[in-house]
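Quick notes on the structure that follows.
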Amino acid sequence: MARPDLVRGVEAVLFAATEPMSAQDIAEHLGGEDVTPALRELEAHYKGRGIELVRRGQHWHFQTAADLASLLRREREEVRRLSRAATECLAIVAYHEPVSRAEIESIRGVQTAKGTLDVLMEAGWIRAAGRREVPGRPVIYATTPAFLTHFGLQSRRDLPGLAELRAAGLLDPVEEAMERAMGEREAGRDDAGDDGNIGRTDPNARTAALDNDGESA
Amino acid sequence: MARPDLVRGVEAVLFAATEPMSAQDIAEHLGGEDVTPALRELEAHYKGRGIELVRRGQHWHFQTAADLASLLRREREEVRRLSRAATECLAIVAYHEPVSRAEIESIRGVQTAKGTLDVLMEAGWIRAAGRREVPGRPVIYATTPAFLTHFGLQSRRDLPGLAELRAAGLLDPVEEAMERAMGEREAGRDDAGDDGNIGRTDPNARTAALDNDGESA
Amino acid sequence: MNDTPSPAPLLSEAGWDAQAPADAEDAARLYIELDNWEGPLDLLLDLARRQKVDLRTISILELTDQYLEYIDTAGALKLELAADYLVMAAWLAYLKSALLLPKAEQEDPSPEELALRLQLRLQRLAAMREAAARLMARDRLGRDNFLRGAPEGLRVMKRKAWQCEWFDIVHAYGQVKARTAPVVHMVKDRAVMTLESALSRVSAMLGVAIDWMELRQFLPPHADPQLRRSALASSFAAALELAKQGKADLRQDTAFGPLRLRSAER
């Protein structure tokens with residue numbers, strides 16, 4: 001049985017140490033006394049606790065119990081809205097799957113950054129579904145079951161067709177929608193004087209902003 | 001009695017942490033469970049050992065026992081000594097908080113160099129805590145959780161001699177003490193006249209303020 | 001607190017003491033080294049402590065004498081004194097004379113009040129001085145207690161949860177389709193006045209007009225702004241065409257002024 005004050009001393013020295021220490025290193029802090037019994041006692045004391053005293057070769061150190069390692073990591077969800085570019089890509093994959101990146105670009109009429117598709121894959125909504133057997137063998141993409149689940153769809157056929165989109169006004173050309181919005185803004189300005197249009201600019205501002213960072217996902 | 005695995009978990013998390021943690025911080029690593037009983041149990045378990053579990057304000061951390069300092073000190077950088085001016089400023093902020101620079105200067109009877117408060121802020125012991133709603137809206141200062149941690153205080157109530165100083169009225173402004181003293185003198189002179197208790201109303205307001213944020217720091 | 005003041009440390013940086021404060025020095029030098037004190041109040045407190053009596057019962061008169069004596073000593077040694085020490089000296093000299101005056105001639109505030117105020121200030125400074133010393137003497141982290149030397153650290157992993165709704169997809173698809181649809185589609189339902197219709201409209205109206213008419217008067221009065229813009233352009237082109245054909249006269253008095261026309265066949 002080691003002297004209690006020696007055990008306490010060894011415990012404190014090892015706790016404050018920045019590196020694993022040999023029995024001799026520790027002893028130097030404790031007036032050269034033999035610390036081996038104290039180390040054995042501490043090793044037994046900490047067995048099964050959240051902290052354990054371990055020996056690696058000649059060196060001793062405290063560490064958190066290996067089975068609790070998962071507690072030391074904590075996941076935090078960061079909710080982020082999908083960018084407009086990514087939303088468009090997702091829509092195109094959903095309506096046209098399987099599609100290659102070149103095909104997505106030709107439908108969107110703009111280049112698509114690699115990162116945009118990566119985001120969709122990270123979200124678990126699209127996956128690489130093989131390669132198209134044409135020159136260059138491009139990767140083709142398709143939606144995943146998680147996509148259907150997230151958007152509450154039984155199948156891709158549940159997505160509204162072009163006729164339905166048109167009926168809902170969703171196929172109105174962007175420019176016209178813009179002009180309508182601009183017209184409203186003009187009207188708003190006339191009605192309410194100089195400051196009257198704060199807040200009425202939203203549709204445009206939002207569209208513009210989305211367009212600008214559309215590709216940065 | 002806290003569940004053994006919860007105690008182990010709290011022990012491991014606090015042991016691995018680089019900063020003092022609140023019960024809530026710890027709970028987030030442990031599925032949101034109430035860790036207070038586990039903390040109490042650990043606090044008792046470590047009492048008298050070479051390492052102790054302590055609470056400073058709302059935060060908990062492990063540290064080596066103070067009586068073993070001599071075993072550990074030799075390789076460590078000495079804590080830098082504060083100048084007398086800085087020491088006094090710190091004490092004034094701690095015992096009077098929140099307090100403006102003008103109030104500090106009126107107690108010390110000397111101007112405070114700009115650098116003095118900066119040093120205390122850089123050390124992380126005091127912080128600007130808003131402005132006093134009087135003409136000029138001076139910045140007021142208060143101590144931080146790191147102050148409690150560094151000086152080993154569970155809360156501001158543990159400040160040495162706080163209760164005695166308060167009881168002796170030594171934390172009240174000179175004006176208040178003057179009025180009280182003059183009042184007593186008057187009272188003594190003409191047998192407790194009407195004005196005898198001028199100035200006895202104020203101290204409470206101030207004391208209450210001190211009590212309130214004692215724990216929230 | 002020590003009864004004797006510690007020697008003035010050299011300030012290495014604002015607020016922090018230089019590592020090794022000089023040890024006890026010549027007492028005589030201490031006596032006159034005003035740098036040792038943090039201002040006149042501090043010097044007064046130090047003098048008061050030498051009286052070795054409770055601050056509540058201190059003799060302000062005696063303290064005043066001691067302070068003035070100090071200042072005189074410093075003056076005799078030709079030491080530069082900071083202004084606030086001299087201000088305090090002057091104020092104390094006044095206080096002393098007032099305290100010695102017969103009561104009847106006293107002004108308001110009375111010298112007793114002034115003396116009491118000074119006493120209260122000294123008490124407060126002494127209290128904080130002592131509190132500071134007790135605070136500094138506590139077990140301090142990094143000096144008396146030590147944190148773990150090599151903590152593993154806690155990690156927070158951020159996981160992005162992407163948010164997108166059914167409508168966003170459908171809407172986005174509509175936008176893509178609309179954006180990339182043939183241009184013809186977009187012109188089709190735009191309200192325009194063709195050159196042909198403008199020509200017939202302008203020439204018909206010119207036929208019945210009596211005098212010069214401004215171009216704008218030929219525009220359909222109740223058309224929406226978009227159609228009016230188109231009509232203005234077409235009517236202008238029509239007016240030029242009619243003038244070229246010799247069917248109309250054009251007149252514009254100033255640059256950008258109103259364009260007027262009338263029938264050439266009068």
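As shown in the structure tokens, the chain order sets the letters A, B, ...; within each chain, residues go from 1, and ligands are also counted from 1 in the order they appear.
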
Taking the backbone alone, and naming residues the way the document does, which bits of range 15-252 of chain C are alpha helix (DSSP H) by DSSP, as number ranges by chain? C: 27-32, 40-50, 60-76, 83-100, 111-136, 166-180, 183-188, 195-208, 225-244

I'd like a table as CSV: residues in chain C with an atom no more than 7 Å from chain B, each row giving the shortest atom pair and its distance in Å to one decimal, only C-alpha atoms counted, sorted by chain and rising residue number.
residue,atom,partner,partner_atom,distance
C:Ala14,CA,B:Gly115,CA,5.2
C:Gly15,CA,B:Thr116,CA,4.8
C:Trp16,CA,B:Leu82,CA,4.5
C:Asp17,CA,B:Ser83,CA,4.7
C:Glu38,CA,B:Val110,CA,6.6
C:Gly39,CA,B:Val110,CA,5.5
C:Leu41,CA,B:Gly109,CA,5.6
C:Arg117,CA,B:Met178,CA,6.6
C:Leu120,CA,B:Val174,CA,6.3
C:Arg121,CA,B:Val174,CA,6.5
C:Arg124,CA,B:Leu170,CA,5.7
C:Leu125,CA,B:Ile107,CA,5.9
C:Met128,CA,B:Ile92,CA,6.2
C:Arg129,CA,B:Glu88,CA,6.1
C:Ala131,CA,B:Ala91,CA,6.3
C:Ala132,CA,B:Ala91,CA,4.9
C:Arg134,CA,B:Pro160,CA,6.5
C:Leu135,CA,B:Pro160,CA,6.7
C:Arg138,CA,B:Phe151,CA,6.2
C:Asp139,CA,B:Gly152,CA,6.3
C:Arg140,CA,B:Phe151,CA,4.9
C:Leu141,CA,B:His150,CA,4.8
C:Gly142,CA,B:Val79,CA,6.5
C:Arg143,CA,B:Val79,CA,5.9
C:Asp144,CA,B:Ala69,CA,4.9
C:Asn145,CA,B:Ala66,CA,5.0
C:Phe146,CA,B:Thr64,CA,5.2
C:Leu147,CA,B:Gln63,CA,4.7
C:Arg148,CA,B:Gln63,CA,6.7
C:Pro151,CA,B:Ala16,CA,4.9
C:Glu152,CA,B:Ala16,CA,4.8
C:Gly153,CA,B:Ala17,CA,4.8
C:Leu154,CA,B:Ala17,CA,5.6

Can I get the selection written as a CSV table (one decimal), in the first residue's frame, with N, CA, C and O atoms?
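Listed below is the output, part_32.csv:
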chain,number,residue,atom,x,y,z
C,14,ALA,N,2.1,48.2,-19.2
C,14,ALA,CA,1.0,48.7,-18.4
C,14,ALA,C,0.4,47.6,-17.6
C,14,ALA,O,0.0,46.6,-18.2
C,15,GLY,N,0.2,47.7,-16.3
C,15,GLY,CA,-0.5,46.8,-15.6
C,15,GLY,C,0.2,45.6,-15.0
C,15,GLY,O,-0.2,45.0,-14.1
C,16,TRP,N,1.3,45.1,-15.7
C,16,TRP,CA,1.9,44.0,-15.2
C,16,TRP,C,3.3,44.4,-14.5
C,16,TRP,O,4.0,45.2,-15.1
C,17,ASP,N,3.5,43.8,-13.4
C,17,ASP,CA,4.8,44.1,-12.8
C,17,ASP,C,5.9,43.5,-13.5
C,17,ASP,O,5.8,42.4,-14.1
C,38,GLU,N,0.3,55.7,-5.4
C,38,GLU,CA,-0.6,55.8,-6.5
C,38,GLU,C,-1.5,57.1,-6.2
C,38,GLU,O,-2.6,57.0,-5.9
C,39,GLY,N,-0.8,58.2,-6.2
C,39,GLY,CA,-1.5,59.5,-5.9
C,39,GLY,C,-1.6,59.9,-4.5
C,39,GLY,O,-1.2,59.1,-3.6
C,41,LEU,N,-4.0,60.3,-2.3
C,41,LEU,CA,-4.8,59.6,-1.4
C,41,LEU,C,-4.1,58.4,-0.9
C,41,LEU,O,-4.2,58.0,0.3
C,117,ARG,N,-15.4,63.3,5.1
C,117,ARG,CA,-15.4,62.8,3.8
C,117,ARG,C,-14.0,62.1,3.5
C,117,ARG,O,-13.9,61.1,2.9
C,120,LEU,N,-13.7,58.8,5.2
C,120,LEU,CA,-14.5,57.8,4.5
C,120,LEU,C,-13.8,57.3,3.2
C,120,LEU,O,-13.8,56.1,2.9
C,121,ARG,N,-13.2,58.2,2.5
C,121,ARG,CA,-12.5,57.8,1.3
C,121,ARG,C,-11.3,57.0,1.7
C,121,ARG,O,-11.0,56.0,1.0
C,124,ARG,N,-12.4,53.5,2.4
C,124,ARG,CA,-12.8,52.7,1.2
C,124,ARG,C,-11.6,52.2,0.5
C,124,ARG,O,-11.5,51.1,0.0
C,125,LEU,N,-10.6,53.1,0.4
C,125,LEU,CA,-9.4,52.7,-0.4
C,125,LEU,C,-8.7,51.6,0.4
C,125,LEU,O,-8.3,50.6,-0.2
C,128,MET,N,-10.4,48.3,-0.2
C,128,MET,CA,-10.2,47.7,-1.5
C,128,MET,C,-8.7,47.2,-1.6
C,128,MET,O,-8.4,46.2,-2.2
C,129,ARG,N,-7.8,47.9,-0.9
C,129,ARG,CA,-6.4,47.5,-0.9
C,129,ARG,C,-6.3,46.1,-0.3
C,129,ARG,O,-5.7,45.2,-0.7
C,131,ALA,N,-8.8,44.0,0.2
C,131,ALA,CA,-9.5,43.0,-0.6
C,131,ALA,C,-8.7,42.5,-1.7
C,131,ALA,O,-8.6,41.3,-2.0
C,132,ALA,N,-8.0,43.4,-2.4
C,132,ALA,CA,-7.1,43.0,-3.5
C,132,ALA,C,-6.0,42.1,-3.0
C,132,ALA,O,-5.8,41.0,-3.7
C,134,ARG,N,-6.2,40.0,-0.5
C,134,ARG,CA,-6.7,38.7,-0.2
C,134,ARG,C,-7.1,38.0,-1.4
C,134,ARG,O,-7.0,36.7,-1.5
C,135,LEU,N,-7.6,38.7,-2.4
C,135,LEU,CA,-7.9,38.1,-3.7
C,135,LEU,C,-6.7,37.5,-4.3
C,135,LEU,O,-6.7,36.3,-4.8
C,138,ARG,N,-5.4,34.1,-3.0
C,138,ARG,CA,-6.2,32.9,-3.1
C,138,ARG,C,-5.5,31.9,-4.0
C,138,ARG,O,-4.5,32.2,-4.7
C,139,ASP,N,-6.0,30.6,-3.9
C,139,ASP,CA,-5.4,29.6,-4.8
C,139,ASP,C,-5.8,29.9,-6.2
C,139,ASP,O,-6.9,30.0,-6.5
C,140,ARG,N,-4.8,30.2,-7.0
C,140,ARG,CA,-5.1,30.6,-8.3
C,140,ARG,C,-4.7,29.6,-9.4
C,140,ARG,O,-3.7,28.9,-9.3
C,141,LEU,N,-5.5,29.5,-10.4
C,141,LEU,CA,-5.3,28.6,-11.5
C,141,LEU,C,-4.1,28.9,-12.2
C,141,LEU,O,-3.9,30.1,-12.6
C,142,GLY,N,-3.2,27.9,-12.4
C,142,GLY,CA,-2.0,28.2,-13.1
C,142,GLY,C,-0.8,28.5,-12.2
C,142,GLY,O,0.3,28.6,-12.5
C,143,ARG,N,-1.2,28.8,-10.9
C,143,ARG,CA,-0.2,29.0,-9.9
C,143,ARG,C,-0.3,28.0,-8.7
C,143,ARG,O,0.7,27.4,-8.3
C,144,ASP,N,-1.5,27.8,-8.3
C,144,ASP,CA,-1.7,26.8,-7.2
C,144,ASP,C,-2.5,25.6,-7.7
C,144,ASP,O,-2.3,24.5,-7.1
C,145,ASN,N,-3.4,25.8,-8.6
C,145,ASN,CA,-4.1,24.7,-9.2
C,145,ASN,C,-3.8,24.6,-10.6
C,145,ASN,O,-3.6,25.6,-11.3
C,146,PHE,N,-3.7,23.4,-11.2
C,146,PHE,CA,-3.4,23.2,-12.6
C,146,PHE,C,-4.5,22.4,-13.3
C,146,PHE,O,-5.0,21.5,-12.7
C,147,LEU,N,-4.7,22.9,-14.5
C,147,LEU,CA,-5.7,22.1,-15.3
C,147,LEU,C,-4.9,20.9,-16.0
C,147,LEU,O,-3.7,20.8,-15.9
C,148,ARG,N,-5.6,20.1,-16.6
C,148,ARG,CA,-5.0,18.9,-17.2
C,148,ARG,C,-4.1,19.4,-18.3
C,148,ARG,O,-4.3,20.3,-19.0
C,151,PRO,N,-5.3,17.7,-22.5
C,151,PRO,CA,-6.7,17.2,-22.7
C,151,PRO,C,-6.9,16.8,-24.1
C,151,PRO,O,-6.4,17.4,-25.0
C,152,GLU,N,-7.7,15.7,-24.2
C,152,GLU,CA,-8.0,15.2,-25.6
C,152,GLU,C,-8.8,16.2,-26.4
C,152,GLU,O,-8.7,16.3,-27.6
C,153,GLY,N,-9.6,17.0,-25.7
C,153,GLY,CA,-10.4,18.0,-26.4
C,153,GLY,C,-11.8,17.4,-26.8
C,153,GLY,O,-11.8,16.2,-27.0
C,154,LEU,N,-12.8,18.2,-26.9
C,154,LEU,CA,-14.1,17.8,-27.3
C,154,LEU,C,-14.3,18.3,-28.7
C,154,LEU,O,-13.9,19.4,-29.0

Take chain B, superimpose it onto chain A by least squares using every C-alpha atom paired in sequence order, and output the result as a compact mmCIF listing (two decimals) with C-alpha atoms, in the first residue's frame.
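Saved file selection_17.txt follows:
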# COMPACT_ATOMS: atom_id res chain seq x y z
CA MET B 1 -19.25 15.46 -12.89
CA ALA B 2 -18.36 12.20 -14.51
CA ARG B 3 -16.57 9.48 -12.58
CA PRO B 4 -12.80 9.94 -12.91
CA ASP B 5 -12.18 6.35 -14.05
CA LEU B 6 -14.84 6.72 -16.73
CA VAL B 7 -13.22 9.93 -17.95
CA ARG B 8 -9.86 8.16 -18.08
CA GLY B 9 -11.41 5.27 -19.94
CA VAL B 10 -13.07 7.48 -22.56
CA GLU B 11 -9.85 9.43 -22.96
CA ALA B 12 -7.85 6.23 -23.52
CA VAL B 13 -10.33 4.69 -25.94
CA LEU B 14 -10.63 7.82 -28.10
CA PHE B 15 -6.89 8.29 -28.02
CA ALA B 16 -6.23 4.77 -29.24
CA ALA B 17 -8.98 4.80 -31.88
CA THR B 18 -8.02 5.03 -35.53
CA GLU B 19 -11.40 6.48 -36.52
CA PRO B 20 -13.77 9.04 -35.02
CA MET B 21 -16.19 7.30 -32.65
CA SER B 22 -19.78 7.87 -31.60
CA ALA B 23 -20.67 7.95 -27.91
CA GLN B 24 -22.22 4.55 -28.39
CA ASP B 25 -19.07 3.08 -29.97
CA ILE B 26 -17.12 4.35 -26.98
CA ALA B 27 -19.67 3.06 -24.48
CA GLU B 28 -19.29 -0.44 -25.87
CA HIS B 29 -15.72 -0.41 -24.64
CA LEU B 30 -16.81 0.79 -21.24
CA GLY B 31 -19.46 -1.68 -20.22
CA GLY B 32 -22.27 0.29 -21.84
CA GLU B 33 -22.09 3.27 -19.48
CA ASP B 34 -23.28 6.70 -20.58
CA VAL B 35 -20.12 8.45 -21.68
CA THR B 36 -21.64 11.82 -22.62
CA PRO B 37 -20.73 13.58 -19.34
CA ALA B 38 -17.19 12.26 -19.61
CA LEU B 39 -16.95 13.53 -23.19
CA ARG B 40 -18.12 16.98 -22.12
CA GLU B 41 -15.61 17.02 -19.33
CA LEU B 42 -12.77 16.00 -21.62
CA GLU B 43 -13.86 18.54 -24.24
CA ALA B 44 -13.57 21.27 -21.61
CA HIS B 45 -10.29 19.91 -20.23
CA TYR B 46 -8.59 19.95 -23.62
CA LYS B 47 -9.86 23.36 -24.67
CA GLY B 48 -6.90 25.57 -25.47
CA ARG B 49 -4.34 22.80 -25.27
CA GLY B 50 -2.22 21.55 -28.17
CA ILE B 51 -4.68 18.71 -28.67
CA GLU B 52 -8.43 19.16 -28.66
CA LEU B 53 -11.40 16.88 -28.40
CA VAL B 54 -14.02 17.69 -31.03
CA ARG B 55 -17.39 16.41 -32.09
CA ARG B 56 -18.23 16.12 -35.79
CA GLY B 57 -21.78 14.98 -36.39
CA GLN B 58 -22.23 12.07 -34.01
CA HIS B 59 -18.53 11.27 -33.86
CA TRP B 60 -15.76 12.42 -31.57
CA HIS B 61 -12.04 12.53 -32.12
CA PHE B 62 -8.85 14.10 -30.83
CA GLN B 63 -6.95 16.37 -33.18
CA THR B 64 -4.20 18.93 -33.00
CA ALA B 65 -5.24 22.55 -32.59
CA ALA B 66 -5.60 24.37 -35.91
CA ASP B 67 -3.32 27.27 -34.93
CA LEU B 68 -0.41 24.84 -34.58
CA ALA B 69 -0.74 23.56 -38.14
CA SER B 70 2.43 25.29 -39.26
CA LEU B 71 4.50 23.29 -36.76
CA LEU B 72 3.20 20.03 -38.13
CA ARG B 73 2.72 20.64 -41.76
CA ARG B 74 6.16 20.40 -43.13
CA GLU B 75 6.60 16.68 -43.37
CA ARG B 76 3.07 16.03 -44.32
CA GLU B 77 1.55 15.50 -47.67
CA GLU B 78 -0.41 18.51 -48.78
CA VAL B 79 -4.11 17.96 -48.97
CA ARG B 80 -4.77 17.66 -52.68
CA ARG B 81 -6.56 20.61 -54.15
CA LEU B 82 -9.98 20.00 -55.53
CA SER B 83 -10.78 21.36 -58.97
CA ARG B 84 -13.16 24.28 -59.11
CA ALA B 85 -15.88 22.09 -60.59
CA ALA B 86 -15.54 19.57 -57.76
CA THR B 87 -15.44 22.31 -55.14
CA GLU B 88 -18.65 23.82 -56.44
CA CYS B 89 -20.37 20.46 -56.70
CA LEU B 90 -19.41 19.71 -53.11
CA ALA B 91 -20.77 23.03 -51.92
CA ILE B 92 -24.00 22.51 -53.83
CA VAL B 93 -24.48 19.03 -52.37
CA ALA B 94 -23.70 20.30 -48.87
CA TYR B 95 -26.02 23.31 -48.97
CA HIS B 96 -28.86 21.70 -50.90
CA GLU B 97 -28.74 18.05 -49.93
CA PRO B 98 -30.16 15.73 -51.00
CA VAL B 99 -29.67 16.86 -54.58
CA SER B 100 -29.63 15.17 -57.97
CA ARG B 101 -27.02 15.64 -60.64
CA ALA B 102 -29.52 17.50 -62.82
CA GLU B 103 -30.15 19.92 -59.96
CA ILE B 104 -26.42 20.48 -59.52
CA GLU B 105 -26.11 21.12 -63.23
CA SER B 106 -28.99 23.57 -63.27
CA ILE B 107 -27.31 25.64 -60.57
CA ARG B 108 -23.90 25.54 -62.23
CA GLY B 109 -25.31 26.04 -65.73
CA VAL B 110 -22.98 23.43 -67.12
CA GLN B 111 -22.79 19.70 -67.43
CA THR B 112 -20.94 17.89 -64.70
CA ALA B 113 -18.28 15.45 -65.82
CA LYS B 114 -18.87 11.96 -64.50
CA GLY B 115 -15.51 12.02 -62.76
CA THR B 116 -16.32 15.09 -60.70
CA LEU B 117 -18.87 13.40 -58.47
CA ASP B 118 -16.75 10.26 -58.41
CA VAL B 119 -13.86 12.23 -56.95
CA LEU B 120 -16.08 13.51 -54.17
CA MET B 121 -17.39 10.04 -53.48
CA GLU B 122 -13.90 8.58 -53.51
CA ALA B 123 -12.81 11.21 -51.01
CA GLY B 124 -15.69 9.92 -48.87
CA TRP B 125 -17.40 13.32 -48.65
CA ILE B 126 -20.57 12.59 -50.57
CA ARG B 127 -22.61 9.47 -51.10
CA ALA B 128 -25.60 8.37 -53.14
CA ALA B 129 -28.57 8.77 -50.82
CA GLY B 130 -31.37 7.04 -52.67
CA ARG B 131 -33.42 8.21 -55.63
CA ARG B 132 -35.78 11.13 -56.12
CA GLU B 133 -39.29 9.84 -56.72
CA VAL B 134 -39.85 11.74 -59.95
CA PRO B 135 -39.81 10.44 -63.53
CA GLY B 136 -36.45 8.84 -64.27
CA ARG B 137 -35.85 8.28 -60.54
CA PRO B 138 -32.53 10.15 -60.50
CA VAL B 139 -29.93 9.30 -57.87
CA ILE B 140 -29.68 11.96 -55.20
CA TYR B 141 -26.53 12.83 -53.31
CA ALA B 142 -25.84 13.88 -49.74
CA THR B 143 -22.77 14.56 -47.61
CA THR B 144 -21.27 11.97 -45.24
CA PRO B 145 -20.05 12.04 -41.63
CA ALA B 146 -16.51 12.09 -43.08
CA PHE B 147 -17.40 15.40 -44.78
CA LEU B 148 -18.23 16.93 -41.40
CA THR B 149 -15.04 15.48 -39.92
CA HIS B 150 -12.83 16.76 -42.69
CA PHE B 151 -14.24 20.27 -42.75
CA GLY B 152 -14.45 20.58 -38.97
CA LEU B 153 -18.23 20.96 -38.82
CA GLN B 154 -20.26 19.89 -35.81
CA SER B 155 -23.28 19.51 -38.06
CA ARG B 156 -24.54 20.79 -41.39
CA ARG B 157 -26.04 23.72 -39.53
CA ASP B 158 -22.48 24.98 -39.10
CA LEU B 159 -21.95 25.31 -42.85
CA PRO B 160 -20.60 28.81 -43.35
CA GLY B 161 -23.32 31.28 -44.27
CA LEU B 162 -26.06 28.64 -44.35
CA ALA B 163 -28.55 30.71 -42.35
CA GLU B 164 -28.01 33.84 -44.45
CA LEU B 165 -28.32 31.96 -47.72
CA ARG B 166 -31.51 30.36 -46.52
CA ALA B 167 -32.94 33.66 -45.33
CA ALA B 168 -32.12 35.28 -48.68
CA GLY B 169 -33.95 32.46 -50.44
CA LEU B 170 -30.78 31.61 -52.34
CA LEU B 171 -31.17 27.91 -51.55
CA ASP B 172 -34.64 27.81 -53.12
CA PRO B 173 -34.95 26.69 -56.72
CA VAL B 174 -35.11 29.43 -59.37
CA GLU B 175 -38.73 28.49 -60.15
CA GLU B 176 -39.83 29.23 -56.62
CA ALA B 177 -37.94 32.48 -56.51
CA MET B 178 -39.48 33.44 -59.87
CA GLU B 179 -42.98 32.81 -58.65
CA ARG B 180 -42.31 34.77 -55.51
CA ALA B 181 -40.82 37.67 -57.43
CA MET B 182 -43.62 37.70 -60.00
CA GLY B 183 -46.12 37.51 -57.18
CA GLU B 184 -44.58 40.51 -55.50
CA ARG B 185 -44.61 42.38 -58.77
CA GLU B 186 -48.28 41.59 -59.30
CA ALA B 187 -49.06 42.55 -55.75
CA GLY B 188 -47.29 45.85 -56.21
CA ARG B 189 -49.14 46.47 -59.46
CA ASP B 190 -52.75 45.87 -58.46
CA ASP B 191 -52.67 46.37 -54.72
CA ALA B 192 -52.08 42.88 -53.40
CA GLY B 193 -54.38 40.81 -55.55
CA ASP B 194 -55.41 37.28 -54.75
CA ASP B 195 -52.39 35.67 -56.34
CA GLY B 196 -49.93 37.85 -54.54
CA ASN B 197 -48.40 35.13 -52.43
CA ILE B 198 -47.79 32.39 -54.97
CA GLY B 199 -44.61 30.59 -54.18
CA ARG B 200 -44.39 31.60 -50.56
CA THR B 201 -45.57 28.24 -49.42
CA ASP B 202 -42.73 26.09 -50.68
CA PRO B 203 -39.58 27.23 -48.92
CA ASN B 204 -40.67 25.79 -45.59
CA ALA B 205 -40.89 22.23 -46.77
CA ARG B 206 -37.39 22.40 -48.07
CA THR B 207 -36.00 24.14 -45.04
CA ALA B 208 -37.54 21.55 -42.77
CA ALA B 209 -35.83 18.80 -44.69
CA LEU B 210 -32.48 20.49 -44.27
CA ASP B 211 -33.03 20.89 -40.57
CA ASN B 212 -33.94 17.33 -40.02
CA ASP B 213 -30.93 15.63 -41.32
CA GLY B 214 -28.53 18.21 -40.11
CA GLU B 215 -27.81 16.12 -37.04
CA SER B 216 -28.22 12.67 -38.38
CA ALA B 217 -25.49 12.84 -40.97

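Our summary of the geometry notes that CA of Leu99 in chain C is positioned 17.9 Å from CA of Glu69 in chain C.
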
Identify, on the basis of only C-alpha atoms, every residue whose closest approach to Ser200 in chain C does not exceed 10 Å; exclude the query and any residue fewer than 6 positions from it along the same chain; express the result as JSON, numbers by chain. {"C": [206, 235, 238]}

From a backbone DSSP assignment, name each residue in range 52-248 of chain C labelled strand (DSSP E or B), as a ChimeraX atom specification. /C:141,145,155-163,213-214,248

Skipping near chain neighbours, those fewer than 2 positions away, what residues fall within 10 Å of Pro111 in chain C using only C-alpha atoms, listed as a ChimeraX atom specification? /C:94-101,103,106-109,113-117

Take CA of Val202 in chain C and CA of Thr254 in chain C and report the distance between them in Å, one decimal. 22.6 Å

Can you work out the spacing between CA of Ser59 in chain C and CA of Leu77 in chain C in Å, to one decimal? 27.5 Å

Test item: residues at most 9 Å from Val208 in chain C, only C-alpha atoms, excluding those fewer than 3 positions along its chain, as a PyMOL selection string: chain C and resi 204-205+263
